[in-house]
file coords_31.tsv (TSV, C-alpha atoms)
chain	number	residue	atom	x	y	z
A	1	MET	CA	46.93	-12.10	-0.77
A	2	GLU	CA	49.20	-14.73	-2.34
A	3	ALA	CA	46.11	-16.77	-3.20
A	4	ILE	CA	45.06	-14.12	-5.72
A	5	LEU	CA	48.12	-14.90	-7.84
A	6	ASN	CA	46.62	-18.26	-8.79
A	7	TYR	CA	43.68	-16.58	-10.56
A	8	ARG	CA	42.97	-13.98	-13.21
A	9	THR	CA	40.69	-11.28	-11.82
A	10	HIS	CA	38.05	-9.75	-14.06
A	11	ILE	CA	35.30	-7.18	-13.40
A	12	VAL	CA	32.24	-7.17	-15.66
A	13	SER	CA	29.20	-4.91	-15.93
A	14	ASP	CA	27.26	-7.35	-18.12
A	15	LEU	CA	26.71	-11.02	-17.34
A	16	SER	CA	26.77	-11.83	-21.05
A	17	GLU	CA	30.54	-11.40	-20.79
A	18	VAL	CA	30.53	-14.42	-18.45
A	19	GLY	CA	28.05	-16.57	-20.33
A	20	GLN	CA	25.06	-18.45	-18.96
A	21	ALA	CA	26.68	-21.89	-18.92
A	22	SER	CA	29.72	-20.77	-16.91
A	23	TRP	CA	27.68	-18.66	-14.49
A	24	ASP	CA	25.00	-21.26	-13.79
A	25	ALA	CA	27.58	-24.05	-13.39
A	26	LEU	CA	29.22	-22.05	-10.60
A	27	VAL	CA	25.84	-21.26	-9.00
A	28	GLN	CA	24.85	-24.93	-8.90
A	29	ALA	CA	28.17	-25.83	-7.26
A	30	GLN	CA	27.25	-23.76	-4.18
A	31	ALA	CA	25.87	-25.12	-0.95
A	32	ALA	CA	23.14	-22.45	-0.98
A	33	PRO	CA	22.07	-21.83	-4.59
A	34	THR	CA	18.72	-20.14	-5.26
A	35	PRO	CA	16.81	-19.30	-8.44
A	36	PHE	CA	17.65	-15.64	-7.77
A	37	LEU	CA	21.34	-16.30	-8.37
A	38	SER	CA	20.66	-17.78	-11.79
A	39	TYR	CA	21.82	-16.09	-14.96
A	40	THR	CA	18.24	-15.77	-16.19
A	41	PHE	CA	16.96	-13.95	-13.10
A	42	LEU	CA	19.91	-11.54	-12.81
A	43	HIS	CA	20.02	-10.91	-16.54
A	44	ALA	CA	16.29	-10.14	-16.54
A	45	LEU	CA	16.83	-7.55	-13.78
A	46	HIS	CA	19.59	-5.87	-15.77
A	47	ALA	CA	18.22	-6.18	-19.31
A	48	SER	CA	14.78	-4.90	-18.28
A	49	GLY	CA	16.33	-1.80	-16.73
A	50	SER	CA	14.96	-2.68	-13.29
A	51	ALA	CA	18.46	-2.90	-11.78
A	52	SER	CA	20.64	-0.73	-13.98
A	53	PRO	CA	22.93	2.31	-13.74
A	54	GLU	CA	19.90	4.49	-14.51
A	55	THR	CA	18.12	3.16	-11.41
A	56	GLY	CA	21.20	3.37	-9.18
A	57	TRP	CA	22.44	-0.21	-9.60
A	58	GLN	CA	25.76	-0.31	-11.49
A	59	PRO	CA	26.83	-3.97	-11.92
A	60	GLN	CA	30.50	-4.55	-11.15
A	61	PHE	CA	30.67	-8.31	-10.70
A	62	LEU	CA	34.00	-9.70	-9.46
A	63	LEU	CA	35.18	-12.83	-11.26
A	64	LEU	CA	38.14	-15.14	-10.73
A	65	TYR	CA	39.34	-17.45	-13.53
A	66	ASP	CA	41.83	-20.27	-13.11
A	67	GLU	CA	44.80	-21.09	-15.30
A	68	GLN	CA	42.52	-23.02	-17.69
A	69	ASP	CA	40.33	-19.91	-17.99
A	70	VAL	CA	37.46	-21.60	-16.14
A	71	LEU	CA	35.31	-19.50	-13.80
A	72	ALA	CA	36.44	-20.41	-10.27
A	73	ALA	CA	34.70	-17.75	-8.16
A	74	ALA	CA	32.29	-14.84	-8.53
A	75	LEU	CA	30.67	-12.15	-6.42
A	76	PRO	CA	27.48	-10.33	-7.54
A	77	LEU	CA	28.50	-6.75	-6.78
A	78	TYR	CA	26.97	-3.33	-7.47
A	79	VAL	CA	28.04	0.27	-7.11
A	80	LYS	CA	25.05	1.88	-5.41
A	81	GLY	CA	24.06	5.54	-5.36
A	82	HIS	CA	21.26	5.00	-2.81
A	83	SER	CA	19.97	2.36	-0.37
A	84	TYR	CA	16.62	1.49	-1.96
A	85	GLY	CA	15.67	-2.12	-2.64
A	86	GLU	CA	18.06	-3.68	-0.11
A	87	TYR	CA	15.99	-4.74	2.96
A	88	VAL	CA	18.94	-4.25	5.33
A	89	PHE	CA	18.59	-0.63	6.32
A	90	ASP	CA	21.56	1.71	6.55
A	91	TRP	CA	19.75	5.02	6.05
A	92	ALA	CA	20.82	6.19	9.52
A	93	TRP	CA	24.46	5.55	8.64
A	94	ALA	CA	24.11	7.57	5.44
A	95	ASP	CA	22.44	10.39	7.37
A	96	ALA	CA	25.26	10.43	9.93
A	97	TYR	CA	27.84	10.71	7.14
A	98	GLN	CA	25.94	13.62	5.60
A	99	ARG	CA	25.63	15.46	8.91
A	100	HIS	CA	29.41	15.28	9.25
A	101	GLY	CA	30.02	16.57	5.74
A	102	LEU	CA	31.03	13.18	4.33
A	103	GLU	CA	29.74	11.30	1.29
A	104	TYR	CA	28.19	7.90	1.98
A	105	TYR	CA	27.46	7.20	-1.67
A	106	PRO	CA	28.70	5.56	-3.79
A	107	LYS	CA	29.00	2.33	-1.85
A	108	LEU	CA	29.60	-1.28	-2.87
A	109	LEU	CA	26.79	-3.78	-2.38
A	110	SER	CA	26.74	-7.53	-2.86
A	111	ALA	CA	23.10	-8.62	-3.00
A	112	ILE	CA	20.34	-9.75	-5.31
A	113	PRO	CA	18.46	-6.54	-6.14
A	114	PHE	CA	15.05	-6.19	-4.48
A	115	THR	CA	15.34	-9.73	-3.08
A	116	PRO	CA	15.72	-10.38	0.68
A	117	VAL	CA	16.60	-14.04	0.22
A	118	ALA	CA	19.63	-15.70	1.79
A	119	GLY	CA	21.99	-17.50	-0.54
A	120	ALA	CA	25.59	-17.79	-1.65
A	121	ARG	CA	27.37	-14.50	-2.27
A	122	LEU	CA	31.01	-15.62	-2.18
A	123	MET	CA	30.40	-18.13	-4.95
A	124	ALA	CA	33.40	-20.39	-5.44
A	125	ARG	CA	34.17	-23.92	-6.54
A	126	ASP	CA	36.36	-24.61	-3.48
A	127	ALA	CA	37.74	-23.06	-0.30
A	128	ALA	CA	40.91	-21.75	-1.98
A	129	ALA	CA	38.96	-19.87	-4.63
A	130	ARG	CA	36.60	-18.45	-1.99
A	131	ALA	CA	39.54	-17.20	0.09
A	132	ALA	CA	41.01	-15.56	-3.00
A	133	LEU	CA	37.66	-13.94	-3.78
A	134	VAL	CA	37.53	-12.40	-0.29
A	135	ASP	CA	41.06	-11.07	-0.82
A	136	VAL	CA	40.03	-9.53	-4.15
A	137	LEU	CA	36.98	-7.91	-2.57
A	138	CYS	CA	39.09	-6.40	0.21
A	139	ALA	CA	41.67	-5.11	-2.27
A	140	THR	CA	38.93	-3.66	-4.47
A	141	GLN	CA	37.20	-1.75	-1.69
A	142	ARG	CA	40.50	-0.27	-0.48
A	143	ALA	CA	41.49	0.80	-3.99
A	144	THR	CA	38.27	2.70	-4.71
A	145	GLU	CA	36.65	5.85	-3.35
A	146	VAL	CA	33.62	4.05	-1.91
A	147	SER	CA	32.60	4.72	1.67
A	148	SER	CA	31.71	1.13	2.45
A	149	THR	CA	30.96	-2.41	1.30
A	150	HIS	CA	27.85	-4.37	2.27
A	151	VAL	CA	27.19	-8.09	1.70
A	152	LEU	CA	23.53	-8.86	2.32
A	153	PHE	CA	21.91	-12.19	3.24
A	154	PRO	CA	24.94	-14.47	2.93
A	155	PRO	CA	24.89	-17.89	4.62
A	156	GLU	CA	26.26	-17.78	8.15
A	157	GLU	CA	29.52	-19.49	7.19
A	158	GLU	CA	30.20	-16.84	4.53
A	159	ALA	CA	29.34	-14.10	7.02
A	160	GLN	CA	31.88	-15.53	9.46
A	161	GLN	CA	34.51	-15.65	6.73
A	162	LEU	CA	33.88	-11.98	6.00
A	163	ARG	CA	34.13	-11.18	9.70
A	164	ASP	CA	37.56	-12.80	9.73
A	165	ALA	CA	38.47	-10.45	6.86
A	166	GLY	CA	37.53	-7.36	8.89
A	167	PHE	CA	33.81	-6.96	8.19
A	168	LEU	CA	31.26	-6.18	10.89
A	169	LEU	CA	28.36	-8.62	11.18
A	170	ARG	CA	24.72	-7.68	11.54
A	171	SER	CA	21.83	-10.07	12.14
A	172	GLY	CA	18.14	-9.80	11.38
A	173	VAL	CA	14.99	-11.90	11.52
A	174	GLN	CA	12.79	-13.42	8.85
A	175	PHE	CA	9.89	-15.86	9.12
A	176	HIS	CA	9.93	-19.25	7.40
A	177	TRP	CA	7.34	-22.04	7.22
A	178	LEU	CA	8.60	-25.61	7.47
A	179	ASN	CA	6.73	-28.49	5.89
A	180	GLY	CA	6.14	-31.23	8.44
A	181	GLY	CA	5.25	-33.74	5.74
A	182	TYR	CA	1.63	-32.56	5.77
A	183	ARG	CA	-0.81	-34.37	3.50
A	184	SER	CA	-3.27	-31.49	3.42
A	185	PHE	CA	-3.77	-27.91	4.53
A	186	ASP	CA	-6.16	-29.14	7.22
A	187	GLU	CA	-3.47	-31.44	8.58
A	188	PHE	CA	-1.15	-28.44	8.85
A	189	LEU	CA	-3.88	-26.40	10.56
A	190	ALA	CA	-4.36	-29.16	13.11
A	191	THR	CA	-0.82	-28.54	14.40
A	192	LEU	CA	-1.57	-24.90	15.29
A	193	GLU	CA	-3.05	-23.52	18.49
A	194	GLN	CA	-6.83	-23.45	18.44
A	195	LYS	CA	-7.07	-19.66	18.17
A	196	LYS	CA	-4.61	-19.49	15.27
A	197	ARG	CA	-6.45	-22.29	13.50
A	198	LYS	CA	-9.80	-20.56	13.97
A	199	ASN	CA	-8.49	-17.21	12.69
A	200	ILE	CA	-7.03	-18.74	9.52
A	201	ARG	CA	-10.29	-20.51	8.72
A	202	ALA	CA	-12.19	-17.27	9.32
A	203	GLU	CA	-9.87	-15.35	6.98
A	204	ARG	CA	-10.26	-17.91	4.21
A	205	ARG	CA	-14.04	-17.94	4.71
A	206	LYS	CA	-14.23	-14.14	4.33
A	207	VAL	CA	-12.59	-14.37	0.91
A	208	LYS	CA	-15.03	-17.05	-0.27
A	209	GLU	CA	-18.04	-15.19	1.12
A	210	ALA	CA	-16.92	-12.11	-0.83
A	211	GLY	CA	-17.41	-14.15	-4.00
A	212	VAL	CA	-13.69	-14.45	-4.78
A	213	THR	CA	-12.25	-17.55	-6.42
A	214	MET	CA	-8.56	-18.40	-6.68
A	215	ARG	CA	-6.69	-19.68	-9.72
A	216	ARG	CA	-3.13	-20.99	-9.63
A	217	VAL	CA	-1.11	-20.66	-12.82
A	218	ARG	CA	2.21	-22.45	-13.24
A	219	GLY	CA	4.88	-20.51	-15.09
A	220	MET	CA	4.76	-22.72	-18.18
A	221	ASP	CA	1.01	-22.03	-18.48
A	222	ALA	CA	1.10	-18.27	-17.86
A	223	THR	CA	0.05	-16.13	-20.82
A	224	ARG	CA	1.09	-12.61	-21.68
A	225	GLU	CA	-2.35	-11.51	-20.46
A	226	ASP	CA	-1.63	-13.09	-17.07
A	227	TRP	CA	1.63	-11.15	-16.81
A	228	VAL	CA	0.01	-7.89	-17.92
A	229	LEU	CA	-2.65	-8.41	-15.25
A	230	PHE	CA	-0.07	-9.17	-12.56
A	231	ASN	CA	1.94	-6.08	-13.51
A	232	ARG	CA	-1.20	-3.92	-13.23
A	233	CYS	CA	-1.95	-5.29	-9.77
A	234	TYR	CA	1.66	-4.91	-8.63
A	235	ARG	CA	1.97	-1.32	-9.84
A	236	ASN	CA	-1.43	-0.34	-8.45
A	237	THR	CA	-0.51	-1.51	-4.96
A	238	TYR	CA	2.74	0.46	-5.03
A	239	ARG	CA	0.79	3.50	-6.22
A	240	GLU	CA	-1.72	3.17	-3.39
A	241	HIS	CA	1.19	3.15	-0.94
A	242	HIS	CA	2.62	6.29	-2.58
A	243	SER	CA	5.70	4.40	-3.68
A	244	THR	CA	7.47	3.57	-6.94
A	245	PRO	CA	7.62	-0.07	-8.09
A	246	TYR	CA	11.11	-1.47	-8.59
A	247	LEU	CA	10.19	-3.94	-11.35
A	248	ASN	CA	8.51	-3.55	-14.73
A	249	LEU	CA	6.49	-5.62	-17.19
A	250	ASP	CA	9.57	-6.38	-19.28
A	251	PHE	CA	11.19	-8.03	-16.26
A	252	PHE	CA	8.12	-10.17	-15.52
A	253	LEU	CA	7.81	-11.23	-19.16
A	254	ARG	CA	11.50	-12.16	-19.25
A	255	ILE	CA	11.39	-14.44	-16.19
A	256	GLY	CA	8.09	-15.88	-17.40
A	257	GLU	CA	9.81	-16.92	-20.63
A	258	THR	CA	13.20	-18.00	-19.28
A	259	MET	CA	12.45	-19.63	-15.91
A	260	PRO	CA	8.83	-20.86	-16.07
A	261	ASP	CA	9.54	-23.98	-14.00
A	262	ASN	CA	10.32	-21.71	-11.03
A	263	ILE	CA	7.15	-19.61	-11.16
A	264	LEU	CA	3.68	-19.76	-9.65
A	265	LEU	CA	1.07	-17.04	-10.17
A	266	VAL	CA	-2.00	-16.92	-7.95
A	267	ILE	CA	-4.85	-14.94	-9.51
A	268	ALA	CA	-7.97	-13.84	-7.60
A	269	GLU	CA	-11.19	-13.38	-9.57
A	270	LYS	CA	-14.57	-11.91	-8.67
A	271	GLU	CA	-17.66	-11.80	-10.83
A	272	GLY	CA	-15.67	-12.89	-13.88
A	273	ARG	CA	-12.86	-10.34	-13.59
A	274	ALA	CA	-9.39	-10.57	-12.09
A	275	ILE	CA	-8.89	-8.31	-9.06
A	276	ALA	CA	-5.58	-9.38	-7.49
A	277	ALA	CA	-2.52	-11.54	-8.02
A	278	SER	CA	0.59	-12.79	-6.26
A	279	LEU	CA	3.83	-14.16	-7.69
A	280	VAL	CA	6.10	-16.62	-5.92
A	281	ILE	CA	9.38	-18.16	-7.06
A	282	HIS	CA	10.30	-21.73	-6.13
A	283	ASP	CA	12.62	-24.62	-6.73
A	284	ALA	CA	12.21	-28.24	-5.67
A	285	ASP	CA	12.99	-27.51	-2.01
A	286	THR	CA	12.00	-23.92	-1.24
A	287	LEU	CA	9.26	-21.48	-2.16
A	288	TYR	CA	9.97	-17.76	-1.83
A	289	GLY	CA	7.15	-15.32	-1.15
A	290	ARG	CA	7.82	-12.31	-3.34
A	291	TYR	CA	5.31	-10.00	-5.03
A	292	TRP	CA	1.65	-9.09	-4.61
A	293	GLY	CA	-0.83	-6.55	-5.90
A	294	ALA	CA	-4.57	-5.84	-6.05
A	295	LEU	CA	-6.95	-3.72	-8.12
A	296	GLU	CA	-9.62	-3.62	-5.42
A	297	HIS	CA	-9.75	-4.36	-1.73
A	298	VAL	CA	-11.24	-7.54	-0.32
A	299	ALA	CA	-10.75	-8.34	3.36
A	300	CYS	CA	-8.08	-11.00	3.97
A	301	LEU	CA	-7.42	-11.50	0.24
A	302	HIS	CA	-3.72	-10.71	0.67
A	303	PHE	CA	-3.36	-13.57	3.15
A	304	GLU	CA	-5.20	-15.97	0.84
A	305	ALA	CA	-3.23	-15.10	-2.29
A	306	ALA	CA	0.21	-14.58	-0.79
A	307	TYR	CA	0.19	-17.15	2.05
A	308	TYR	CA	-2.52	-19.78	2.07
A	309	GLN	CA	-2.55	-20.63	-1.64
A	310	PRO	CA	1.28	-20.91	-1.74
A	311	LEU	CA	1.19	-23.01	1.45
A	312	GLU	CA	-1.25	-25.41	-0.19
A	313	PHE	CA	1.05	-25.55	-3.22
A	314	CYS	CA	4.03	-26.42	-0.96
A	315	ILE	CA	2.06	-29.24	0.64
A	316	GLU	CA	0.91	-30.60	-2.71
A	317	GLN	CA	4.41	-30.45	-4.24
A	318	GLY	CA	6.34	-31.61	-1.17
A	319	ILE	CA	8.30	-28.35	-0.95
A	320	ALA	CA	10.12	-28.27	2.37
A	321	THR	CA	10.35	-24.54	3.16
A	322	PHE	CA	8.35	-21.38	2.44
A	323	GLU	CA	10.42	-18.26	3.02
A	324	GLY	CA	8.00	-15.44	3.69
A	325	GLY	CA	10.23	-12.51	2.70
A	326	ALA	CA	11.29	-9.49	4.70
A	327	GLN	CA	9.90	-8.63	8.14
A	328	GLY	CA	6.33	-9.55	9.02
A	329	GLU	CA	5.85	-10.70	12.60
A	330	HIS	CA	2.20	-11.33	11.63
A	331	LYS	CA	3.44	-14.39	9.70
A	332	MET	CA	3.92	-16.26	12.98
A	333	ALA	CA	0.15	-16.48	13.46
A	334	ARG	CA	0.10	-18.35	10.14
A	335	GLY	CA	2.67	-20.98	11.06
A	336	PHE	CA	5.90	-19.22	10.12
A	337	LEU	CA	8.80	-19.37	12.59
A	338	PRO	CA	11.62	-16.85	13.21
A	339	THR	CA	14.91	-17.45	11.40
A	340	ARG	CA	18.11	-15.43	11.78
A	341	THR	CA	19.64	-13.71	8.77
A	342	TRP	CA	23.07	-12.14	8.30
A	343	SER	CA	24.79	-9.25	6.60
A	344	ALA	CA	28.42	-8.09	6.61
A	345	HIS	CA	29.63	-4.49	6.47
A	346	TRP	CA	32.98	-2.75	5.97
A	347	LEU	CA	33.37	1.02	6.40
A	348	ALA	CA	36.44	2.86	5.18
A	349	HIS	CA	36.30	5.73	7.70
A	350	PRO	CA	37.86	4.46	10.98
A	351	SER	CA	35.77	6.64	13.30
A	352	PHE	CA	32.52	5.70	11.64
A	353	ALA	CA	33.55	2.04	11.57
A	354	ASP	CA	34.05	2.19	15.35
A	355	ALA	CA	30.69	3.91	15.86
A	356	VAL	CA	28.86	1.39	13.68
A	357	GLU	CA	30.58	-1.49	15.47
A	358	ARG	CA	29.31	-0.22	18.82
A	359	PHE	CA	25.83	0.24	17.37
A	360	LEU	CA	25.80	-3.28	15.97
A	361	GLU	CA	26.87	-4.73	19.32
A	362	ARG	CA	23.87	-3.08	20.98
A	363	GLU	CA	21.55	-4.06	18.16
A	364	ALA	CA	22.71	-7.69	18.31
A	365	GLY	CA	21.65	-7.90	21.94
A	366	GLY	CA	18.22	-6.60	20.99
A	367	ILE	CA	17.94	-9.15	18.17
A	368	ASP	CA	18.82	-11.96	20.57
A	369	ASP	CA	16.12	-10.81	23.00
A	370	TYR	CA	13.63	-10.46	20.14
A	371	MET	CA	14.35	-14.00	18.93
A	372	ASP	CA	13.84	-15.34	22.45
A	373	GLU	CA	10.55	-13.47	22.74
A	374	LEU	CA	9.34	-14.77	19.37
A	375	ASN	CA	10.26	-18.35	20.19
A	376	GLU	CA	8.20	-18.11	23.38
A	377	ARG	CA	5.19	-17.25	21.19
A	378	ASN	CA	5.41	-20.41	19.10
A	379	PRO	CA	2.08	-20.75	17.24
A	380	PHE	CA	2.03	-24.55	17.31
A	381	ARG	CA	0.22	-26.70	19.82
A	382	ALA	CA	2.35	-28.26	22.56
A	383	ARG	CA	3.15	-31.86	21.64
call {"tool": "encode", "arguments": {"input": "coords_31.tsv", "output": "structure tokens"}}
result
Amino acid sequence: MEAILNYRTHIVSDLSEVGQASWDALVQAQAAPTPFLSYTFLHALHASGSASPETGWQPQFLLLYDEQDVLAAALPLYVKGHSYGEYVFDWAWADAYQRHGLEYYPKLLSAIPFTPVAGARLMARDAAARAALVDVLCATQRATEVSSTHVLFPPEEEAQQLRDAGFLLRSGVQFHWLNGGYRSFDEFLATLEQKKRKNIRAERRKVKEAGVTMRRVRGMDATREDWVLFNRCYRNTYREHHSTPYLNLDFFLRIGETMPDNILLVIAEKEGRAIAASLVIHDADTLYGRYWGALEHVACLHFEAAYYQPLEFCIEQGIATFEGGAQGEHKMARGFLPTRTWSAHWLAHPSFADAVERFLEREAGGIDDYMDELNERNPFRAR
């Protein structure tokens, strides 16, 4: 804890108290920065009301400043009153607390709301500041009435550092596509097993035969009408699944204005009218599959708009990785490979901490077996 004495600790509920220049400078100093950590993306979530106290996301970001009052470390942190929008599921833990007459909420959560993307969480300019940040987090969780703290999708090295501080580690699986330096989509297809290659071509052909054409719109070219259309598609798909969308038009308009270089919209049109759209976020190295929606059903259109068009974009732009988002074993048939993800968890109640630790030990064995099984089903042709 002595390391904390070298820094001034501050907790903010509004990133404007930090300032965009200071926040983004720290983000870019990380080994695993992503567009989702940027001031513009997080501020859009908060200012639009998508991730706000009213929706159960109370920002409580931990900040460490050095003696020159320069931001040395930061942790995106929320007080949560539910477990929606997290993609690492702890509903069973909350249910167990309730059945024993204990309150699971509020809890502390370090994550990017509604975004299952790995990236820095313990953001720091050096190892000393990161160690101090972990100490501050541990002191904060002990000093509050929260049941638990959860750090979702950190890099493995940060997860290990949290384990050393008393957190329990949990692993999961996502599916990522890796660019082999392909010069065309057909060259990529040629690396897949014959059956996988045939199925992808059949899916793309079904979309064309249905009279659907695809239009890619870079963020800097997207109009308000494009965003209104995408929002309609997005909300309609949530409605058809009897669910409530997390994000709103204000959020989409904000990121469209403030981070256009990171945005690609794919719009599907039929008989002169738009019927579906997908939105992906990217930087120079990685494309992140995110949001999709449709106004009418066309067989295989989801795969075309959310997978094949973005894959073609990656090949054209030389983007190295396409992260396909949460879950989705079906992605393997489309050239995505299993990748391990991490989360770290601290529970205040000793008995429940012991029970969760035993559960995670069993679950980890299952994840290892699952990864082995997936790797045996590699979709690529033997070299």
call {"tool": "atom_distance", "arguments": {"input": "coords_31.tsv", "atom1": "CA of Glu304 in chain A", "atom2": "CA of Thr40 in chain A"}}
result
29.0 Å
call {"tool": "closest_residue", "arguments": {"input": "coords_31.tsv", "among": "A:Val217, A:Leu374, A:Leu247, A:Ala128", "to": "Phe313 in chain A", "atoms": "only C-alpha atoms"}}
result
A:Val217
call {"tool": "closest_atom_pairs", "arguments": {"input": "coords_31.tsv", "of": "range 108-186 of chain A", "to": "range 89-96 of chain A", "cutoff": "12 Å", "atoms": "all atoms listed in the file", "output": "CSV"}}
result
residue,atom,partner,partner_atom,distance
A:Leu109,CA,A:Asp90,CA,11.7
A:Pro116,CA,A:Phe89,CA,11.6
A:Ser147,CA,A:Ala94,CA,9.7
A:Ser148,CA,A:Ala94,CA,10.4
A:Thr149,CA,A:Asp90,CA,11.5
A:His150,CA,A:Asp90,CA,9.7
A:Leu152,CA,A:Phe89,CA,10.4
A:Arg170,CA,A:Phe89,CA,10.7
A:Ser171,CA,A:Phe89,CA,11.6
A:Gly172,CA,A:Phe89,CA,10.5
call {"tool": "write_last_selection", "arguments": {"input": "coords_31.tsv", "atoms": "C-alpha atoms", "output": "tab-separated table (two decimals), in the frame of the given file"}}
result
chain	number	residue	atom	x	y	z
A	109	LEU	CA	26.79	-3.78	-2.38
A	116	PRO	CA	15.72	-10.38	0.68
A	147	SER	CA	32.60	4.72	1.67
A	148	SER	CA	31.71	1.13	2.45
A	149	THR	CA	30.96	-2.41	1.30
A	150	HIS	CA	27.85	-4.37	2.27
A	152	LEU	CA	23.53	-8.86	2.32
A	170	ARG	CA	24.72	-7.68	11.54
A	171	SER	CA	21.83	-10.07	12.14
A	172	GLY	CA	18.14	-9.80	11.38
call {"tool": "residues_around", "arguments": {"input": "coords_31.tsv", "residues": "Leu347 in chain A", "least_positions_apart": "4", "cutoff": "12 Å", "atoms": "only C-alpha atoms", "output": "ChimeraX atom specification"}}
result
/A:90,93-94,97,104-105,107-109,138,141-142,145-151,166-169,351-357
call {"tool": "write_last_selection", "arguments": {"input": "coords_31.tsv", "atoms": "C-alpha atoms", "output": "PDB file, keeping the file's coordinate frame"}}
result
ATOM      1  CA  ASP A  90      21.560   1.710   6.550  1.00  0.00           C
ATOM      2  CA  TRP A  93      24.460   5.550   8.640  1.00  0.00           C
ATOM      3  CA  ALA A  94      24.110   7.570   5.440  1.00  0.00           C
ATOM      4  CA  TYR A  97      27.840  10.710   7.140  1.00  0.00           C
ATOM      5  CA  TYR A 104      28.190   7.900   1.980  1.00  0.00           C
ATOM      6  CA  TYR A 105      27.460   7.200  -1.670  1.00  0.00           C
ATOM      7  CA  LYS A 107      29.000   2.330  -1.850  1.00  0.00           C
ATOM      8  CA  LEU A 108      29.600  -1.280  -2.870  1.00  0.00           C
ATOM      9  CA  LEU A 109      26.790  -3.780  -2.380  1.00  0.00           C
ATOM     10  CA  CYS A 138      39.090  -6.400   0.210  1.00  0.00           C
ATOM     11  CA  GLN A 141      37.200  -1.750  -1.690  1.00  0.00           C
ATOM     12  CA  ARG A 142      40.500  -0.270  -0.480  1.00  0.00           C
ATOM     13  CA  GLU A 145      36.650   5.850  -3.350  1.00  0.00           C
ATOM     14  CA  VAL A 146      33.620   4.050  -1.910  1.00  0.00           C
ATOM     15  CA  SER A 147      32.600   4.720   1.670  1.00  0.00           C
ATOM     16  CA  SER A 148      31.710   1.130   2.450  1.00  0.00           C
ATOM     17  CA  THR A 149      30.960  -2.410   1.300  1.00  0.00           C
ATOM     18  CA  HIS A 150      27.850  -4.370   2.270  1.00  0.00           C
ATOM     19  CA  VAL A 151      27.190  -8.090   1.700  1.00  0.00           C
ATOM     20  CA  GLY A 166      37.530  -7.360   8.890  1.00  0.00           C
ATOM     21  CA  PHE A 167      33.810  -6.960   8.190  1.00  0.00           C
ATOM     22  CA  LEU A 168      31.260  -6.180  10.890  1.00  0.00           C
ATOM     23  CA  LEU A 169      28.360  -8.620  11.180  1.00  0.00           C
ATOM     24  CA  SER A 351      35.770   6.640  13.300  1.00  0.00           C
ATOM     25  CA  PHE A 352      32.520   5.700  11.640  1.00  0.00           C
ATOM     26  CA  ALA A 353      33.550   2.040  11.570  1.00  0.00           C
ATOM     27  CA  ASP A 354      34.050   2.190  15.350  1.00  0.00           C
ATOM     28  CA  ALA A 355      30.690   3.910  15.860  1.00  0.00           C
ATOM     29  CA  VAL A 356      28.860   1.390  13.680  1.00  0.00           C
ATOM     30  CA  GLU A 357      30.580  -1.490  15.470  1.00  0.00           C
TER      31      GLU A 357
END
call {"tool": "residues_around", "arguments": {"input": "coords_31.tsv", "residues": "Tyr7 in chain A", "least_positions_apart": "4", "cutoff": "8 Å", "atoms": "all atoms listed in the file", "output": "JSON, numbers by chain"}}
result
{"A": [3, 64, 65, 66, 67]}
call {"tool": "write_last_selection", "arguments": {"input": "coords_31.tsv", "atoms": "C-alpha atoms", "output": "PDB file, in the coordinates of the input"}}
result
ATOM      1  CA  ALA A   3      46.110 -16.770  -3.200  1.00  0.00           C
ATOM      2  CA  LEU A  64      38.140 -15.140 -10.730  1.00  0.00           C
ATOM      3  CA  TYR A  65      39.340 -17.450 -13.530  1.00  0.00           C
ATOM      4  CA  ASP A  66      41.830 -20.270 -13.110  1.00  0.00           C
ATOM      5  CA  GLU A  67      44.800 -21.090 -15.300  1.00  0.00           C
TER       6      GLU A  67
END
call {"tool": "closest_atom_pairs", "arguments": {"input": "coords_31.tsv", "of": "range 60-161 of chain A", "to": "range 279-294 of chain A", "cutoff": "12 Å", "atoms": "all atoms listed in the file", "output": "tab-separated table"}}
result
residue	atom	partner	partner_atom	distance
A:Phe114	CA	A:Arg290	CA	9.5
A:Thr115	CA	A:Arg290	CA	8.0
A:Pro116	CA	A:Arg290	CA	9.1
A:Val117	CA	A:Tyr288	CA	7.9
A:Ala118	CA	A:Tyr288	CA	10.5
A:Gly119	CA	A:Thr286	CA	11.9
call {"tool": "closest_residue", "arguments": {"input": "coords_31.tsv", "among": "A:Tyr39, A:Ile4, A:Arg273, A:Glu157", "to": "Val134 in chain A", "atoms": "all atoms listed in the file"}}
result
A:Ile4
call {"tool": "closest_residue", "arguments": {"input": "coords_31.tsv", "among": "A:Leu360, A:Glu296, A:Asn378, A:Ala143", "to": "Lys331 in chain A", "atoms": "all atoms listed in the file"}}
result
A:Asn378
call {"tool": "closest_residue", "arguments": {"input": "coords_31.tsv", "among": "A:Arg163, A:Arg125, A:Gly256, A:Ala276", "to": "Trp346 in chain A", "atoms": "all atoms listed in the file"}}
result
A:Arg163
